[in-house]
Amino acid sequence: MQQAEIYLPTSTNLALYCQSSENLRLTNMIGSSRLPQPLPSLGSPWALFETNFAHVEFGGGFYHYGYRIQLDEAGSTAQTNVWELYLCREGQPEKLLHRLALAPSSRVGLAEFTRSSIASYNQRLAKTPRDLGLHKSKISLLLQYKPDEVRAACSDAAKAMPDHWWPRLTLALVDAGNGSYAEANRELVRFAERKPSYSRYLYLAYFYQLTRKPQEAAQAIERAIALPVLDLDDDENNTECRGYSAGVYAFRSGNYTTVVKLCNVLLPIKENGNYAKAAFQDLKAAAESAIAGSKVDFTPNDAVMGFNPYERVDIQRFFPK
């Protein structure tokens with residue numbers, strides 16, 4: 001990282017990314033495949049970008065290191081931006097590696113950025129085709145910059161990981177959003193039926209939730225709770241977290257009988273201790289009161305309701321208007 005053949009192109013490219021950050025929509029944490037060369041070849045860094053600053057970090061655990069590039073605003077003019085690249089190492093003073101000047105109008109083109117990022121994802125996926133995080137990141141990039149290529153990427157992920165629920169669910173949502181709901185539904189039902197489980201039917205219920213099919217969601221929930229309530233190796237969150245989120249949706253949809261059945265199944269579960277018991281008791285009581293005809297003021301328990309498999313993906317892009 002202190003060799004000129006590494007830090008010289010790094011400084012130029014990071015400065016260009018900063019000057020292009022608004023056009024490239026570089027928000028939040030950027031993973032290594034979206035970073036300029038030669039950074040992806042050095043490991044698995046991540047970065048934050050602003051128009052006048054970028055921080056790149058490697059390592060993890062107890063030791064962090066990386067680069068920081070900063071616009072020298074005092075030394076810059078209307079015709080020239082002056083940037084400084086520093087080496088950052090935990091517990092040590094920053095070390096200035098390079099100063100460079102760029103025209104303020106210099107930019108990285110969106111097409112170049114996208115092409116480079118996709119090529120990096122493809123190169124990494126060729127080596128580790130079952131890396132779900134890479135598939136998710138590539139799909140997220142394509143949703144933002146090349147939505148016409150999203151379905152192919154989802155299909156590639158499903159082929160590489162045929163038994164994993166996330167690529168199948170995502171492919172179904174993309175197809176449903178593109179007007180092929182019947183086919184999407186059929187394929188996802190087949191996926192659930194091939195290896196029936198509590199988890200797969202809850203993911204099917206989540207598909208119905210996002211596609212606004214509350215009755216179908218309730219039916220999928222009831223199929224789920226008819227099976228052993230187990231955490232599978234590829235699950236996201238635990239059985240109660242996923243079940244509670246499904247139950248809250250069923251409650252809001254008026255499927256109170258399904259809610260009571262769900263709570264009766266999940267309340268005896270012991271694997272996760274008592275953290276969700278009070279939430280399920282409140283949910284069940286609210287559903288029973290609604291069945292009895294009472295007006296219910298129910299507020300979900302935020303400490304339990306945490307299932308969102310698309311937290312870092314703009315889910316609305318699955319459903320173009």
# chains A, B, ... in the order shown; residues from 1 in each chain; ligands from 1

$ residues_around --residues "A:Phe49" --least-positions-apart "2" --cutoff "7 Å" --atoms "only C-alpha atoms" --output "MDAnalysis selection string"
chainID A and resid 18 21 26 47 51 53:55

$ residues_around --residues "A:Val248" --least-positions-apart "2" --cutoff "12 Å" --atoms "only C-alpha atoms" --output "ChimeraX atom specification"
/A:206,209,214,217-218,221,240-246,250-256,258-260,262-263,279-280,282-284,286-287,298-302,304-307

$ residues_around --residues "stretch 186-200 of chain A" --least-positions-apart "5" --cutoff "6 Å" --atoms "only C-alpha atoms" --output "list in words"
Ala224, Leu227 and Val229 of chain A

$ select_by_dssp --residues "stretch 77-128 of chain A" --states "alpha helix (DSSP H)" --output "ChimeraX atom specification"
/A:110-127

$ write_last_selection --atoms "N, CA, C and O atoms" --output "PDB file, in the first residue's frame"
ATOM      1  N   LEU A 110     -20.504   7.461 -15.683  1.00  0.00           N
ATOM      2  CA  LEU A 110     -21.385   6.459 -15.098  1.00  0.00           C
ATOM      3  C   LEU A 110     -21.240   5.121 -15.821  1.00  0.00           C
ATOM      4  O   LEU A 110     -21.220   4.063 -15.179  1.00  0.00           O
ATOM      5  N   ALA A 111     -21.125   5.144 -17.137  1.00  0.00           N
ATOM      6  CA  ALA A 111     -20.985   3.896 -17.893  1.00  0.00           C
ATOM      7  C   ALA A 111     -19.689   3.180 -17.524  1.00  0.00           C
ATOM      8  O   ALA A 111     -19.664   1.948 -17.363  1.00  0.00           O
ATOM      9  N   GLU A 112     -18.620   3.938 -17.368  1.00  0.00           N
ATOM     10  CA  GLU A 112     -17.329   3.341 -17.000  1.00  0.00           C
ATOM     11  C   GLU A 112     -17.391   2.737 -15.609  1.00  0.00           C
ATOM     12  O   GLU A 112     -16.904   1.616 -15.372  1.00  0.00           O
ATOM     13  N   PHE A 113     -17.979   3.473 -14.676  1.00  0.00           N
ATOM     14  CA  PHE A 113     -18.124   2.976 -13.302  1.00  0.00           C
ATOM     15  C   PHE A 113     -18.934   1.686 -13.267  1.00  0.00           C
ATOM     16  O   PHE A 113     -18.549   0.702 -12.627  1.00  0.00           O
ATOM     17  N   THR A 114     -20.058   1.679 -13.970  1.00  0.00           N
ATOM     18  CA  THR A 114     -20.925   0.502 -13.967  1.00  0.00           C
ATOM     19  C   THR A 114     -20.239  -0.693 -14.607  1.00  0.00           C
ATOM     20  O   THR A 114     -20.277  -1.813 -14.079  1.00  0.00           O
ATOM     21  N   ARG A 115     -19.605  -0.462 -15.744  1.00  0.00           N
ATOM     22  CA  ARG A 115     -18.915  -1.542 -16.445  1.00  0.00           C
ATOM     23  C   ARG A 115     -17.808  -2.135 -15.574  1.00  0.00           C
ATOM     24  O   ARG A 115     -17.657  -3.364 -15.477  1.00  0.00           O
ATOM     25  N   SER A 116     -17.038  -1.293 -14.927  1.00  0.00           N
ATOM     26  CA  SER A 116     -15.950  -1.761 -14.078  1.00  0.00           C
ATOM     27  C   SER A 116     -16.485  -2.547 -12.883  1.00  0.00           C
ATOM     28  O   SER A 116     -15.936  -3.598 -12.517  1.00  0.00           O
ATOM     29  N   SER A 117     -17.555  -2.058 -12.270  1.00  0.00           N
ATOM     30  CA  SER A 117     -18.119  -2.725 -11.097  1.00  0.00           C
ATOM     31  C   SER A 117     -18.677  -4.097 -11.458  1.00  0.00           C
ATOM     32  O   SER A 117     -18.447  -5.086 -10.755  1.00  0.00           O
ATOM     33  N   ILE A 118     -19.416  -4.164 -12.556  1.00  0.00           N
ATOM     34  CA  ILE A 118     -19.997  -5.441 -12.973  1.00  0.00           C
ATOM     35  C   ILE A 118     -18.889  -6.436 -13.298  1.00  0.00           C
ATOM     36  O   ILE A 118     -18.969  -7.621 -12.936  1.00  0.00           O
ATOM     37  N   ALA A 119     -17.843  -5.968 -13.989  1.00  0.00           N
ATOM     38  CA  ALA A 119     -16.722  -6.857 -14.319  1.00  0.00           C
ATOM     39  C   ALA A 119     -16.071  -7.398 -13.054  1.00  0.00           C
ATOM     40  O   ALA A 119     -15.692  -8.577 -12.985  1.00  0.00           O
ATOM     41  N   SER A 120     -15.963  -6.555 -12.031  1.00  0.00           N
ATOM     42  CA  SER A 120     -15.355  -6.995 -10.778  1.00  0.00           C
ATOM     43  C   SER A 120     -16.232  -8.034 -10.092  1.00  0.00           C
ATOM     44  O   SER A 120     -15.737  -9.060  -9.597  1.00  0.00           O
ATOM     45  N   TYR A 121     -17.545  -7.791 -10.059  1.00  0.00           N
ATOM     46  CA  TYR A 121     -18.453  -8.778  -9.473  1.00  0.00           C
ATOM     47  C   TYR A 121     -18.357 -10.104 -10.214  1.00  0.00           C
ATOM     48  O   TYR A 121     -18.287 -11.175  -9.606  1.00  0.00           O
ATOM     49  N   ASN A 122     -18.374 -10.043 -11.536  1.00  0.00           N
ATOM     50  CA  ASN A 122     -18.331 -11.283 -12.325  1.00  0.00           C
ATOM     51  C   ASN A 122     -17.045 -12.054 -12.091  1.00  0.00           C
ATOM     52  O   ASN A 122     -17.048 -13.290 -12.022  1.00  0.00           O
ATOM     53  N   GLN A 123     -15.948 -11.331 -11.976  1.00  0.00           N
ATOM     54  CA  GLN A 123     -14.655 -11.983 -11.732  1.00  0.00           C
ATOM     55  C   GLN A 123     -14.658 -12.688 -10.377  1.00  0.00           C
ATOM     56  O   GLN A 123     -14.189 -13.827 -10.252  1.00  0.00           O
ATOM     57  N   ARG A 124     -15.196 -12.033  -9.378  1.00  0.00           N
ATOM     58  CA  ARG A 124     -15.220 -12.621  -8.039  1.00  0.00           C
ATOM     59  C   ARG A 124     -16.214 -13.777  -7.951  1.00  0.00           C
ATOM     60  O   ARG A 124     -15.955 -14.794  -7.305  1.00  0.00           O
ATOM     61  N   LEU A 125     -17.363 -13.636  -8.633  1.00  0.00           N
ATOM     62  CA  LEU A 125     -18.356 -14.704  -8.610  1.00  0.00           C
ATOM     63  C   LEU A 125     -17.885 -15.937  -9.378  1.00  0.00           C
ATOM     64  O   LEU A 125     -18.294 -17.058  -9.070  1.00  0.00           O
ATOM     65  N   ALA A 126     -17.026 -15.735 -10.366  1.00  0.00           N
ATOM     66  CA  ALA A 126     -16.468 -16.887 -11.083  1.00  0.00           C
ATOM     67  C   ALA A 126     -15.625 -17.751 -10.146  1.00  0.00           C
ATOM     68  O   ALA A 126     -15.547 -18.971 -10.304  1.00  0.00           O
ATOM     69  N   LYS A 127     -15.029 -17.122  -9.149  1.00  0.00           N
ATOM     70  CA  LYS A 127     -14.204 -17.850  -8.183  1.00  0.00           C
ATOM     71  C   LYS A 127     -15.034 -18.420  -7.042  1.00  0.00           C
ATOM     72  O   LYS A 127     -14.744 -19.510  -6.533  1.00  0.00           O
TER      73      LYS A 127
END

$ closest_residue --among "A:Ala176, A:Ile6, A:Ala182, A:Leu232" --to "A:Ser41" --atoms "only C-alpha atoms"
A:Ile6

$ residues_around --residues "stretch 9-16 of chain A" --least-positions-apart "2" --cutoff "8 Å" --atoms "only C-alpha atoms" --output "PyMOL selection string"
chain A and resi 5-7+18-20+36-39+54+69+83-85+98+100+106-108

$ residues_around --residues "stretch 162-166 of chain A" --least-positions-apart "3" --cutoff "10 Å" --atoms "only C-alpha atoms" --output "number ranges by chain"
A: 130, 132, 136, 154-159, 169-172, 188, 191-192, 194-195, 199-200, 203-204, 233-236, 309-310

$ atom_distance --atom1 "atom CA of A:Ile225" --atom2 "atom CA of A:Ala290"
21.3 Å

$ select_by_dssp --residues "stretch 10-58 of chain A" --states "strand (DSSP E or B)" --output "list in words"
Ile30, Gly31, Trp46, Ala47, Leu48, Phe49, Glu50, Phe53, Ala54, His55, Val56, Glu57 and Phe58 of chain A

$ write_last_selection --atoms "N, CA, C and O atoms" --output "tab-separated table (two decimals), in the first residue's frame"
chain	number	residue	atom	x	y	z
A	30	ILE	N	-19.64	1.54	0.48
A	30	ILE	CA	-19.40	0.98	-0.84
A	30	ILE	C	-18.46	-0.21	-0.70
A	30	ILE	O	-17.37	-0.09	-0.12
A	31	GLY	N	-18.86	-1.36	-1.24
A	31	GLY	CA	-18.04	-2.56	-1.15
A	31	GLY	C	-16.93	-2.57	-2.18
A	31	GLY	O	-16.87	-1.73	-3.09
A	46	TRP	N	-13.79	-1.61	2.08
A	46	TRP	CA	-15.02	-0.86	1.90
A	46	TRP	C	-14.67	0.61	1.99
A	46	TRP	O	-13.60	0.99	2.47
A	47	ALA	N	-15.57	1.47	1.55
A	47	ALA	CA	-15.24	2.90	1.52
A	47	ALA	C	-16.48	3.76	1.71
A	47	ALA	O	-17.61	3.34	1.44
A	48	LEU	N	-16.24	4.96	2.17
A	48	LEU	CA	-17.25	6.02	2.25
A	48	LEU	C	-16.76	7.19	1.40
A	48	LEU	O	-15.58	7.56	1.48
A	49	PHE	N	-17.65	7.78	0.62
A	49	PHE	CA	-17.28	8.88	-0.26
A	49	PHE	C	-18.11	10.12	0.03
A	49	PHE	O	-19.32	10.04	0.26
A	50	GLU	N	-17.44	11.25	0.01
A	50	GLU	CA	-18.08	12.56	-0.02
A	50	GLU	C	-17.45	13.33	-1.18
A	50	GLU	O	-16.50	12.85	-1.82
A	53	PHE	N	-13.90	14.14	0.27
A	53	PHE	CA	-13.27	13.23	1.22
A	53	PHE	C	-13.65	11.80	0.88
A	53	PHE	O	-14.76	11.53	0.39
A	54	ALA	N	-12.74	10.85	1.13
A	54	ALA	CA	-13.06	9.43	1.06
A	54	ALA	C	-12.23	8.69	2.10
A	54	ALA	O	-11.07	9.06	2.37
A	55	HIS	N	-12.83	7.66	2.66
A	55	HIS	CA	-12.14	6.80	3.62
A	55	HIS	C	-12.25	5.38	3.13
A	55	HIS	O	-13.36	4.88	2.86
A	56	VAL	N	-11.12	4.69	2.99
A	56	VAL	CA	-11.08	3.30	2.56
A	56	VAL	C	-10.48	2.48	3.69
A	56	VAL	O	-9.42	2.82	4.22
A	57	GLU	N	-11.18	1.41	4.06
A	57	GLU	CA	-10.71	0.62	5.20
A	57	GLU	C	-10.54	-0.84	4.82
A	57	GLU	O	-11.39	-1.43	4.17
A	58	PHE	N	-9.42	-1.41	5.27
A	58	PHE	CA	-9.15	-2.83	5.16
A	58	PHE	C	-9.13	-3.39	6.58
A	58	PHE	O	-9.20	-2.67	7.56

$ atom_distance --atom1 "atom CA of A:Asn81" --atom2 "atom CA of A:Arg68"
16.0 Å

$ closest_residue --among "A:Val150, A:Ala74, A:Leu87, A:Leu202" --to "A:Asp175" --atoms "only C-alpha atoms"
A:Val150

$ atom_distance --atom1 "atom CA of A:Ile315" --atom2 "atom CA of A:Asn185"
17.6 Å

$ residues_around --residues "A:Arg312" --least-positions-apart "4" --cutoff "12 Å" --atoms "only C-alpha atoms" --output "list in words"
Thr27, Asn28, Met29, Ile30, Gly133, Lys136, Ser137, Lys138, Ile139, Ser140, Leu141, Leu143, Gln144, Asn308 and Gln316 of chain A

$ decode --residues "stretch 82-117 of chain A" --atoms "C-alpha atoms" --output "PDB file, in the first residue's frame"
ATOM      1  CA  VAL A  82      -5.546  19.617  -4.782  1.00  0.00           C
ATOM      2  CA  TRP A  83      -5.957  16.240  -3.109  1.00  0.00           C
ATOM      3  CA  GLU A  84      -3.884  14.534  -0.409  1.00  0.00           C
ATOM      4  CA  LEU A  85      -3.706  10.778   0.086  1.00  0.00           C
ATOM      5  CA  TYR A  86      -2.855   9.440   3.541  1.00  0.00           C
ATOM      6  CA  LEU A  87      -2.060   5.968   4.811  1.00  0.00           C
ATOM      7  CA  CYS A  88      -4.083   5.255   7.961  1.00  0.00           C
ATOM      8  CA  ARG A  89      -3.072   2.613  10.480  1.00  0.00           C
ATOM      9  CA  GLU A  90      -4.731   2.026  13.806  1.00  0.00           C
ATOM     10  CA  GLY A  91      -2.621   3.345  16.652  1.00  0.00           C
ATOM     11  CA  GLN A  92      -0.212   5.233  14.366  1.00  0.00           C
ATOM     12  CA  PRO A  93      -0.125   8.766  12.942  1.00  0.00           C
ATOM     13  CA  GLU A  94      -1.441   9.190   9.414  1.00  0.00           C
ATOM     14  CA  LYS A  95       1.262   9.247   6.756  1.00  0.00           C
ATOM     15  CA  LEU A  96       1.009  11.544   3.749  1.00  0.00           C
ATOM     16  CA  LEU A  97       1.728   9.482   0.645  1.00  0.00           C
ATOM     17  CA  HIS A  98       0.911  11.785  -2.242  1.00  0.00           C
ATOM     18  CA  ARG A  99      -0.436  15.175  -3.329  1.00  0.00           C
ATOM     19  CA  LEU A 100      -2.054  15.520  -6.721  1.00  0.00           C
ATOM     20  CA  ALA A 101      -3.931  18.124  -8.715  1.00  0.00           C
ATOM     21  CA  LEU A 102      -7.073  17.541 -10.795  1.00  0.00           C
ATOM     22  CA  ALA A 103      -9.281  19.800 -12.824  1.00  0.00           C
ATOM     23  CA  PRO A 104     -12.565  20.226 -10.900  1.00  0.00           C
ATOM     24  CA  SER A 105     -14.427  19.139 -14.034  1.00  0.00           C
ATOM     25  CA  SER A 106     -12.682  15.739 -14.179  1.00  0.00           C
ATOM     26  CA  ARG A 107     -15.149  12.924 -13.621  1.00  0.00           C
ATOM     27  CA  VAL A 108     -15.616   9.167 -13.833  1.00  0.00           C
ATOM     28  CA  GLY A 109     -18.371   8.403 -16.308  1.00  0.00           C
ATOM     29  CA  LEU A 110     -21.385   6.459 -15.098  1.00  0.00           C
ATOM     30  CA  ALA A 111     -20.985   3.896 -17.893  1.00  0.00           C
ATOM     31  CA  GLU A 112     -17.329   3.341 -17.000  1.00  0.00           C
ATOM     32  CA  PHE A 113     -18.124   2.976 -13.302  1.00  0.00           C
ATOM     33  CA  THR A 114     -20.925   0.502 -13.967  1.00  0.00           C
ATOM     34  CA  ARG A 115     -18.915  -1.542 -16.445  1.00  0.00           C
ATOM     35  CA  SER A 116     -15.950  -1.761 -14.078  1.00  0.00           C
ATOM     36  CA  SER A 117     -18.119  -2.725 -11.097  1.00  0.00           C
TER      37      SER A 117
END
